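S.K.: This is work05.pdb (PDB, C-alpha atoms and all ligand atoms).
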ATOM      1  CA  MET A   1     201.278 172.398 267.832  1.00  0.00           C
ATOM      2  CA  LEU A   2     202.048 174.701 264.896  1.00  0.00           C
ATOM      3  CA  VAL A   3     201.878 173.462 261.303  1.00  0.00           C
ATOM      4  CA  ARG A   4     202.336 174.994 257.880  1.00  0.00           C
ATOM      5  CA  LEU A   5     200.371 173.871 254.827  1.00  0.00           C
ATOM      6  CA  LEU A   6     201.016 174.843 251.211  1.00  0.00           C
ATOM      7  CA  TYR A   7     198.722 174.157 248.284  1.00  0.00           C
ATOM      8  CA  ALA A   8     198.065 175.291 244.717  1.00  0.00           C
ATOM      9  CA  SER A   9     194.667 175.670 243.042  1.00  0.00           C
ATOM     10  CA  ARG A  10     193.014 177.047 239.928  1.00  0.00           C
ATOM     11  CA  ALA A  11     190.174 179.592 239.978  1.00  0.00           C
ATOM     12  CA  LEU A  12     187.125 178.914 237.882  1.00  0.00           C
ATOM     13  CA  GLU A  13     187.750 180.719 234.610  1.00  0.00           C
ATOM     14  CA  SER A  14     185.096 183.394 234.905  1.00  0.00           C
ATOM     15  CA  ILE A  15     185.891 184.833 238.357  1.00  0.00           C
ATOM     16  CA  GLY A  16     189.694 185.120 238.638  1.00  0.00           C
ATOM     17  CA  ALA A  17     190.524 188.723 239.635  1.00  0.00           C
ATOM     18  CA  ALA A  18     187.367 189.478 241.601  1.00  0.00           C
ATOM     19  CA  LEU A  19     187.782 186.189 243.444  1.00  0.00           C
ATOM     20  CA  THR A  20     191.149 187.236 244.881  1.00  0.00           C
ATOM     21  CA  ASP A  21     189.610 190.366 246.442  1.00  0.00           C
ATOM     22  CA  ALA A  22     186.687 188.387 247.881  1.00  0.00           C
ATOM     23  CA  ILE A  23     188.985 185.758 249.398  1.00  0.00           C
ATOM     24  CA  LEU A  24     191.233 188.351 250.989  1.00  0.00           C
ATOM     25  CA  ALA A  25     188.289 190.179 252.533  1.00  0.00           C
ATOM     26  CA  GLN A  26     187.121 186.857 253.994  1.00  0.00           C
ATOM     27  CA  SER A  27     190.637 186.040 255.213  1.00  0.00           C
ATOM     28  CA  TYR A  28     191.156 189.410 256.937  1.00  0.00           C
ATOM     29  CA  ALA A  29     187.815 188.972 258.668  1.00  0.00           C
ATOM     30  CA  ARG A  30     188.309 185.419 259.918  1.00  0.00           C
ATOM     31  CA  ASN A  31     191.956 184.370 260.105  1.00  0.00           C
ATOM     32  CA  ALA A  32     192.860 186.452 263.160  1.00  0.00           C
ATOM     33  CA  GLU A  33     190.223 184.853 265.390  1.00  0.00           C
ATOM     34  CA  HIS A  34     191.517 181.411 264.370  1.00  0.00           C
ATOM     35  CA  GLY A  35     195.205 182.308 264.766  1.00  0.00           C
ATOM     36  CA  ILE A  36     195.892 181.757 261.062  1.00  0.00           C
ATOM     37  CA  THR A  37     198.644 183.640 259.232  1.00  0.00           C
ATOM     38  CA  GLY A  38     199.959 183.168 255.708  1.00  0.00           C
ATOM     39  CA  ILE A  39     200.405 184.407 252.217  1.00  0.00           C
ATOM     40  CA  LEU A  40     198.281 184.105 249.085  1.00  0.00           C
ATOM     41  CA  CYS A  41     200.103 184.308 245.813  1.00  0.00           C
ATOM     42  CA  ALA A  42     197.989 184.975 242.725  1.00  0.00           C
ATOM     43  CA  TYR A  43     199.324 184.156 239.281  1.00  0.00           C
ATOM     44  CA  GLN A  44     198.125 184.343 235.682  1.00  0.00           C
ATOM     45  CA  ASN A  45     195.799 187.271 236.447  1.00  0.00           C
ATOM     46  CA  GLY A  46     194.329 185.657 239.520  1.00  0.00           C
ATOM     47  CA  GLN A  47     193.579 182.338 237.830  1.00  0.00           C
ATOM     48  CA  VAL A  48     196.123 180.280 239.767  1.00  0.00           C
ATOM     49  CA  PHE A  49     196.862 180.430 243.492  1.00  0.00           C
ATOM     50  CA  ILE A  50     199.618 179.248 245.787  1.00  0.00           C
ATOM     51  CA  GLN A  51     198.741 179.710 249.441  1.00  0.00           C
ATOM     52  CA  ALA A  52     200.622 179.079 252.676  1.00  0.00           C
ATOM     53  CA  LEU A  53     198.595 178.645 255.876  1.00  0.00           C
ATOM     54  CA  GLU A  54     200.209 178.605 259.302  1.00  0.00           C
ATOM     55  CA  GLY A  55     198.664 178.062 262.700  1.00  0.00           C
ATOM     56  CA  GLU A  56     197.501 175.517 265.235  1.00  0.00           C
ATOM     57  CA  ARG A  57     197.100 172.097 263.592  1.00  0.00           C
ATOM     58  CA  ASP A  58     193.328 171.691 264.047  1.00  0.00           C
ATOM     59  CA  GLU A  59     192.706 175.256 262.828  1.00  0.00           C
ATOM     60  CA  VAL A  60     194.824 174.815 259.699  1.00  0.00           C
ATOM     61  CA  ASN A  61     193.217 171.432 259.000  1.00  0.00           C
ATOM     62  CA  GLN A  62     189.714 172.919 259.377  1.00  0.00           C
ATOM     63  CA  LEU A  63     190.503 175.870 257.112  1.00  0.00           C
ATOM     64  CA  TYR A  64     192.036 173.605 254.476  1.00  0.00           C
ATOM     65  CA  ALA A  65     188.919 171.389 254.597  1.00  0.00           C
ATOM     66  CA  ASN A  66     186.815 174.530 253.972  1.00  0.00           C
ATOM     67  CA  ILE A  67     189.106 175.578 251.127  1.00  0.00           C
ATOM     68  CA  VAL A  68     189.051 172.155 249.435  1.00  0.00           C
ATOM     69  CA  ARG A  69     185.226 172.264 249.499  1.00  0.00           C
ATOM     70  CA  ASP A  70     185.110 175.825 248.109  1.00  0.00           C
ATOM     71  CA  SER A  71     183.465 175.705 244.682  1.00  0.00           C
ATOM     72  CA  ARG A  72     185.101 178.967 243.558  1.00  0.00           C
ATOM     73  CA  HIS A  73     188.274 177.088 242.630  1.00  0.00           C
ATOM     74  CA  GLU A  74     189.336 173.606 241.575  1.00  0.00           C
ATOM     75  CA  LYS A  75     192.327 171.268 241.318  1.00  0.00           C
ATOM     76  CA  VAL A  76     193.307 171.991 244.937  1.00  0.00           C
ATOM     77  CA  THR A  77     196.706 170.280 245.175  1.00  0.00           C
ATOM     78  CA  LEU A  78     198.530 169.807 248.478  1.00  0.00           C
ATOM     79  CA  LEU A  79     202.191 170.799 248.002  1.00  0.00           C
ATOM     80  CA  ASP A  80     203.498 170.514 251.557  1.00  0.00           C
ATOM     81  CA  TYR A  81     202.396 169.920 255.163  1.00  0.00           C
ATOM     82  CA  ALA A  82     204.841 170.173 258.047  1.00  0.00           C
ATOM     83  CA  GLU A  83     205.051 170.566 261.790  1.00  0.00           C
ATOM     84  CA  ILE A  84     206.961 173.781 262.459  1.00  0.00           C
ATOM     85  CA  ASP A  85     208.760 175.345 265.414  1.00  0.00           C
ATOM     86  CA  GLN A  86     207.984 178.879 264.299  1.00  0.00           C
ATOM     87  CA  ARG A  87     206.007 180.724 261.644  1.00  0.00           C
ATOM     88  CA  VAL A  88     207.678 182.417 258.702  1.00  0.00           C
ATOM     89  CA  PHE A  89     204.576 184.404 257.625  1.00  0.00           C
ATOM     90  CA  SER A  90     203.613 185.653 261.083  1.00  0.00           C
ATOM     91  CA  GLY A  91     203.330 189.238 259.821  1.00  0.00           C
ATOM     92  CA  TRP A  92     200.186 188.696 257.750  1.00  0.00           C
ATOM     93  CA  ARG A  93     196.737 187.405 258.581  1.00  0.00           C
ATOM     94  CA  MET A  94     196.831 186.829 254.810  1.00  0.00           C
ATOM     95  CA  GLY A  95     199.401 188.677 252.717  1.00  0.00           C
ATOM     96  CA  ARG A  96     198.880 189.009 248.989  1.00  0.00           C
ATOM     97  CA  VAL A  97     201.536 188.780 246.305  1.00  0.00           C
ATOM     98  CA  ASP A  98     200.917 189.260 242.606  1.00  0.00           C
ATOM     99  CA  LEU A  99     203.304 186.811 240.955  1.00  0.00           C
ATOM    100  CA  ASN A 100     202.734 188.453 237.554  1.00  0.00           C
ATOM    101  CA  ARG A 101     204.720 191.451 238.807  1.00  0.00           C
ATOM    102  CA  VAL A 102     207.685 189.406 239.970  1.00  0.00           C
ATOM    103  CA  ASN A 103     210.969 189.542 238.061  1.00  0.00           C
ATOM    104  CA  VAL A 104     211.447 186.618 235.622  1.00  0.00           C
ATOM    105  CA  ALA A 105     214.902 185.969 237.101  1.00  0.00           C
ATOM    106  CA  THR A 106     213.241 185.301 240.460  1.00  0.00           C
ATOM    107  CA  ILE A 107     210.771 182.876 238.877  1.00  0.00           C
ATOM    108  CA  MET A 108     213.579 181.087 237.023  1.00  0.00           C
ATOM    109  CA  ARG A 109     215.412 180.409 240.277  1.00  0.00           C
ATOM    110  CA  TYR A 110     212.565 178.045 241.225  1.00  0.00           C
ATOM    111  CA  SER A 111     211.116 176.976 237.892  1.00  0.00           C
ATOM    112  CA  ALA A 112     212.180 175.046 234.795  1.00  0.00           C
ATOM    113  CA  TYR A 113     210.438 177.639 232.586  1.00  0.00           C
ATOM    114  CA  PRO A 114     209.629 181.363 232.821  1.00  0.00           C
ATOM    115  CA  ASN A 115     205.952 180.432 232.945  1.00  0.00           C
ATOM    116  CA  LEU A 116     205.848 178.871 236.414  1.00  0.00           C
ATOM    117  CA  ASP A 117     203.643 175.807 236.857  1.00  0.00           C
ATOM    118  CA  PRO A 118     202.722 175.855 240.590  1.00  0.00           C
ATOM    119  CA  PHE A 119     201.253 172.330 240.384  1.00  0.00           C
ATOM    120  CA  SER A 120     204.649 170.864 239.517  1.00  0.00           C
ATOM    121  CA  LEU A 121     206.505 172.501 242.437  1.00  0.00           C
ATOM    122  CA  ASN A 122     207.721 170.320 245.259  1.00  0.00           C
ATOM    123  CA  GLY A 123     206.979 171.519 248.790  1.00  0.00           C
ATOM    124  CA  ARG A 124     210.485 172.775 249.556  1.00  0.00           C
ATOM    125  CA  THR A 125     210.645 174.801 246.348  1.00  0.00           C
ATOM    126  CA  ALA A 126     207.183 176.274 246.846  1.00  0.00           C
ATOM    127  CA  LEU A 127     208.099 177.348 250.388  1.00  0.00           C
ATOM    128  CA  ALA A 128     211.425 178.842 249.276  1.00  0.00           C
ATOM    129  CA  LEU A 129     209.638 180.829 246.540  1.00  0.00           C
ATOM    130  CA  LEU A 130     206.998 182.186 248.940  1.00  0.00           C
ATOM    131  CA  MET A 131     209.649 183.057 251.521  1.00  0.00           C
ATOM    132  CA  GLU A 132     211.668 184.969 248.929  1.00  0.00           C
ATOM    133  CA  LEU A 133     208.560 186.797 247.715  1.00  0.00           C
ATOM    134  CA  SER A 134     207.592 187.726 251.264  1.00  0.00           C
ATOM    135  CA  THR A 135     210.946 189.402 251.858  1.00  0.00           C
ATOM    136  CA  THR A 136     211.735 190.900 248.437  1.00  0.00           C
ATOM    137  CA  THR A 137     208.323 191.765 246.982  1.00  0.00           C
ATOM    138  CA  THR A 138     205.637 194.126 248.103  1.00  0.00           C
ATOM    139  CA  VAL A 139     203.152 192.096 250.087  1.00  0.00           C
ATOM    140  CA  VAL A 140     199.761 193.763 250.244  1.00  0.00           C
ATOM    141  CA  GLY A 141     197.638 193.007 253.253  1.00  0.00           C
ATOM    142  CA  ARG A 142     196.736 194.011 256.720  1.00  0.00           C
ATOM    143  CA  PRO A 143     199.612 193.188 259.071  1.00  0.00           C
ATOM    144  CA  GLU A 144     198.742 190.705 261.782  1.00  0.00           C
ATOM    145  CA  ALA A 145     200.070 193.128 264.399  1.00  0.00           C
ATOM    146  CA  ALA A 146     197.667 195.902 263.299  1.00  0.00           C
ATOM    147  CA  ARG A 147     194.447 194.205 264.266  1.00  0.00           C
TER     148      ARG A 147
HETATM  149  P1  LIG B   1     181.808 178.194 258.209  1.00  0.00           P
HETATM  150  O1  LIG B   1     180.604 177.341 257.811  1.00  0.00           O
HETATM  151  O2  LIG B   1     181.543 179.575 258.730  1.00  0.00           O
HETATM  152  O3  LIG B   1     182.740 177.418 259.189  1.00  0.00           O
HETATM  153  C1  LIG B   1     183.034 176.044 259.058  1.00  0.00           C
HETATM  154  C2  LIG B   1     184.064 175.716 260.133  1.00  0.00           C
HETATM  155  O4  LIG B   1     185.331 176.328 259.745  1.00  0.00           O
HETATM  156  C3  LIG B   1     183.710 176.283 261.518  1.00  0.00           C
HETATM  157  O5  LIG B   1     184.112 175.332 262.489  1.00  0.00           O
HETATM  158  C4  LIG B   1     184.560 177.568 261.599  1.00  0.00           C
HETATM  159  O6  LIG B   1     184.867 177.912 262.930  1.00  0.00           O
HETATM  160  C5  LIG B   1     185.810 177.134 260.813  1.00  0.00           C
HETATM  161  N1  LIG B   1     186.544 178.265 260.211  1.00  0.00           N
HETATM  162  C6  LIG B   1     186.038 179.312 259.521  1.00  0.00           C
HETATM  163  N2  LIG B   1     187.031 180.144 259.112  1.00  0.00           N
HETATM  164  C7  LIG B   1     188.200 179.615 259.578  1.00  0.00           C
HETATM  165  C8  LIG B   1     189.566 180.015 259.504  1.00  0.00           C
HETATM  166  N3  LIG B   1     189.955 181.144 258.872  1.00  0.00           N
HETATM  167  N4  LIG B   1     190.497 179.230 260.095  1.00  0.00           N
HETATM  168  C9  LIG B   1     190.146 178.080 260.739  1.00  0.00           C
HETATM  169  N5  LIG B   1     188.859 177.651 260.843  1.00  0.00           N
HETATM  170  C10 LIG B   1     187.892 178.409 260.278  1.00  0.00           C
HETATM  171  N6  LIG B   1     188.885 181.616 254.122  1.00  0.00           N
HETATM  172  C11 LIG B   1     189.482 182.024 255.281  1.00  0.00           C
HETATM  173  O7  LIG B   1     188.802 182.186 256.322  1.00  0.00           O
HETATM  174  N7  LIG B   1     190.847 182.235 255.297  1.00  0.00           N
HETATM  175  C12 LIG B   1     191.649 182.052 254.214  1.00  0.00           C
HETATM  176  O8  LIG B   1     192.865 182.283 254.298  1.00  0.00           O
HETATM  177  C13 LIG B   1     191.043 181.618 252.995  1.00  0.00           C
HETATM  178  N8  LIG B   1     191.774 181.411 251.868  1.00  0.00           N
HETATM  179  C14 LIG B   1     191.152 181.002 250.722  1.00  0.00           C
HETATM  180  C15 LIG B   1     191.915 180.814 249.562  1.00  0.00           C
HETATM  181  C16 LIG B   1     191.294 180.422 248.362  1.00  0.00           C
HETATM  182  C17 LIG B   1     192.131 180.261 247.106  1.00  0.00           C
HETATM  183  C18 LIG B   1     189.884 180.207 248.356  1.00  0.00           C
HETATM  184  C19 LIG B   1     189.195 179.810 247.077  1.00  0.00           C
HETATM  185  C20 LIG B   1     189.126 180.383 249.495  1.00  0.00           C
HETATM  186  C21 LIG B   1     189.738 180.792 250.698  1.00  0.00           C
HETATM  187  N9  LIG B   1     189.005 180.993 251.856  1.00  0.00           N
HETATM  188  C22 LIG B   1     189.624 181.417 253.000  1.00  0.00           C
HETATM  189  C23 LIG B   1     187.554 180.799 251.916  1.00  0.00           C
HETATM  190  C24 LIG B   1     187.228 179.381 252.400  1.00  0.00           C
HETATM  191  O9  LIG B   1     187.266 178.488 251.282  1.00  0.00           O
HETATM  192  C25 LIG B   1     185.833 179.301 253.038  1.00  0.00           C
HETATM  193  O10 LIG B   1     184.917 179.992 252.221  1.00  0.00           O
HETATM  194  C26 LIG B   1     185.844 179.917 254.442  1.00  0.00           C
HETATM  195  O11 LIG B   1     186.792 179.266 255.267  1.00  0.00           O
HETATM  196  C27 LIG B   1     184.463 179.783 255.098  1.00  0.00           C
HETATM  197  O12 LIG B   1     184.055 178.455 254.978  1.00  0.00           O
HETATM  198  P2  LIG B   1     182.618 177.989 255.493  1.00  0.00           P
HETATM  199  O13 LIG B   1     181.574 178.904 254.919  1.00  0.00           O
HETATM  200  O14 LIG B   1     182.485 176.516 255.282  1.00  0.00           O
HETATM  201  O15 LIG B   1     182.806 178.332 257.017  1.00  0.00           O
END
With the file now loaded, output its structure as structure tokens.
Ligand code: FAD
M.R.:
Amino acid sequence: MLVRLLYASRALESIGAALTDAILAQSYARNAEHGITGILCAYQNGQVFIQALEGERDEVNQLYANIVRDSRHEKVTLLDYAEIDQRVFSGWRMGRVDLNRVNVATIMRYSAYPNLDPFSLNGRTALALLMELSTTTTVVGRPEAAR
């Protein structure tokens, strides 16, 4: 059974930007073998993350358990968890979006303030934001199909 999980987290202050590169390298290396696809959205210069994970339920649950335990970030906050009929981020083993480069008008469609607080998003809004970013913004990352 396929599920999709969305969460937000905060990087430890000292390792924001470098952390994003390290995570993506790890994701490219391991997500394909576990059937995981998704998108990682970095915000506030890599200090805050919103990530969507899609895949088989046990695989997504295992990866999320790893992520919650990961001491490189904190305040891991589950935003949404749903059984799904199909993936919406099937094109990326882990796509990367830099939210700092996104138009303020786009942010304001989903946020009360121009400075988005990912921890206050409800699951539907977080998913809608990530879906819009995946279709309208440049997503950096190795396409799932290219492996
Ligand atoms: P291991 O000790 O090697 O494995 C523990 C168990 O997890 C094993 O059963 C193994 O088979 C299983 N496992 C390992 N990788 C995956 C996977 N990708 N999917 C399902 N099961 C798996 N790591 C990723 O691999 N993909 C990501 O998309 C990802 N996103 C991250 C996002 C953030 C913001 C952060 C901070 C970290 C992210 N990580 C990601 C890294 C993650 O937290 C762990 O470091 C990584 O999963 C390896 O964990 P481990 O050393 O405990 O794994």
S.K.: Considering only C-alpha atoms, tabulate each residue of region 29-100 of chain A that lies at most 8 Å from region 8-12 of chain A along with its nearest interatomic pair and the corresponding distance in Å to one decimal; arrange the rows by chain and ascending residue number and present them as a tab-separated table.
M.R.:
residue	atom	partner	partner_atom	distance
A:Gly46	CA	A:Ala11	CA	7.4
A:Gln47	CA	A:Ala11	CA	4.9
A:Val48	CA	A:Arg10	CA	4.5
A:Phe49	CA	A:Ser9	CA	5.3
A:Ile50	CA	A:Ala8	CA	4.4
A:Gln51	CA	A:Ala8	CA	6.5
A:Arg72	CA	A:Leu12	CA	6.0
A:His73	CA	A:Ala11	CA	4.1
A:Glu74	CA	A:Arg10	CA	5.3
A:Lys75	CA	A:Ser9	CA	5.3
A:Val76	CA	A:Ser9	CA	4.4
A:Thr77	CA	A:Ala8	CA	5.2
A:Leu78	CA	A:Ala8	CA	6.7
A:Leu79	CA	A:Ala8	CA	6.9
S.K.: Could you check how far CA of Gly123 (chain A) sits from atom C12 of ligand LIG 1 (chain B), in Å to one decimal?
M.R.: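 That distance, rounded to one decimal, is 19.4 Å.
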S.K.: Please write out the residues within 6 Å of ligand LIG 1 (chain B) as a PyMOL selection string, counting only C-alpha atoms and all ligand atoms.
M.R.: chain A and resi 23+26-27+30-31+34+49+59-60+62-63+66-67+70+72-73
S.K.: Which one is closest to Glu56 (chain A): A:Leu19, A:Cys41, A:Leu2, A:Ala25? Count all atoms listed in the file.
M.R.: A:Leu2
S.K.: Give as a PyMOL selection string every residue, naming chains and numbers as the document does, that has an atom within 7 Å of (200.1, 173.4, 254.2), counting only C-alpha atoms.
M.R.: chain A and resi 4-7+52-53+78+80-82
S.K.: On this structure, the PyMOL selection byres (((chain A and resi 102) around 12) and not hetatm) would catch which residues? List them as a PyMOL selection string, sorted by chain and number.
M.R.: chain A and resi 41-44+97-101+103-109+114-116+129-130+132-134+136-139
S.K.: Considering all atoms listed in the file, can you say which of A:Leu24, A:Ile36, A:Ala18, A:Ala128 comes closest to Gly91 (chain A)?
M.R.: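 The answer is A:Ile36, which sits nearest to Gly91 (chain A).
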S.K.: For CA of Glu54 (chain A) and CA of Val88 (chain A), determine how far apart the two atoms are, in Å to one decimal place.
M.R.: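 Atom-to-atom, CA of Glu54 (chain A) and CA of Val88 (chain A) are spaced 8.4 Å apart.
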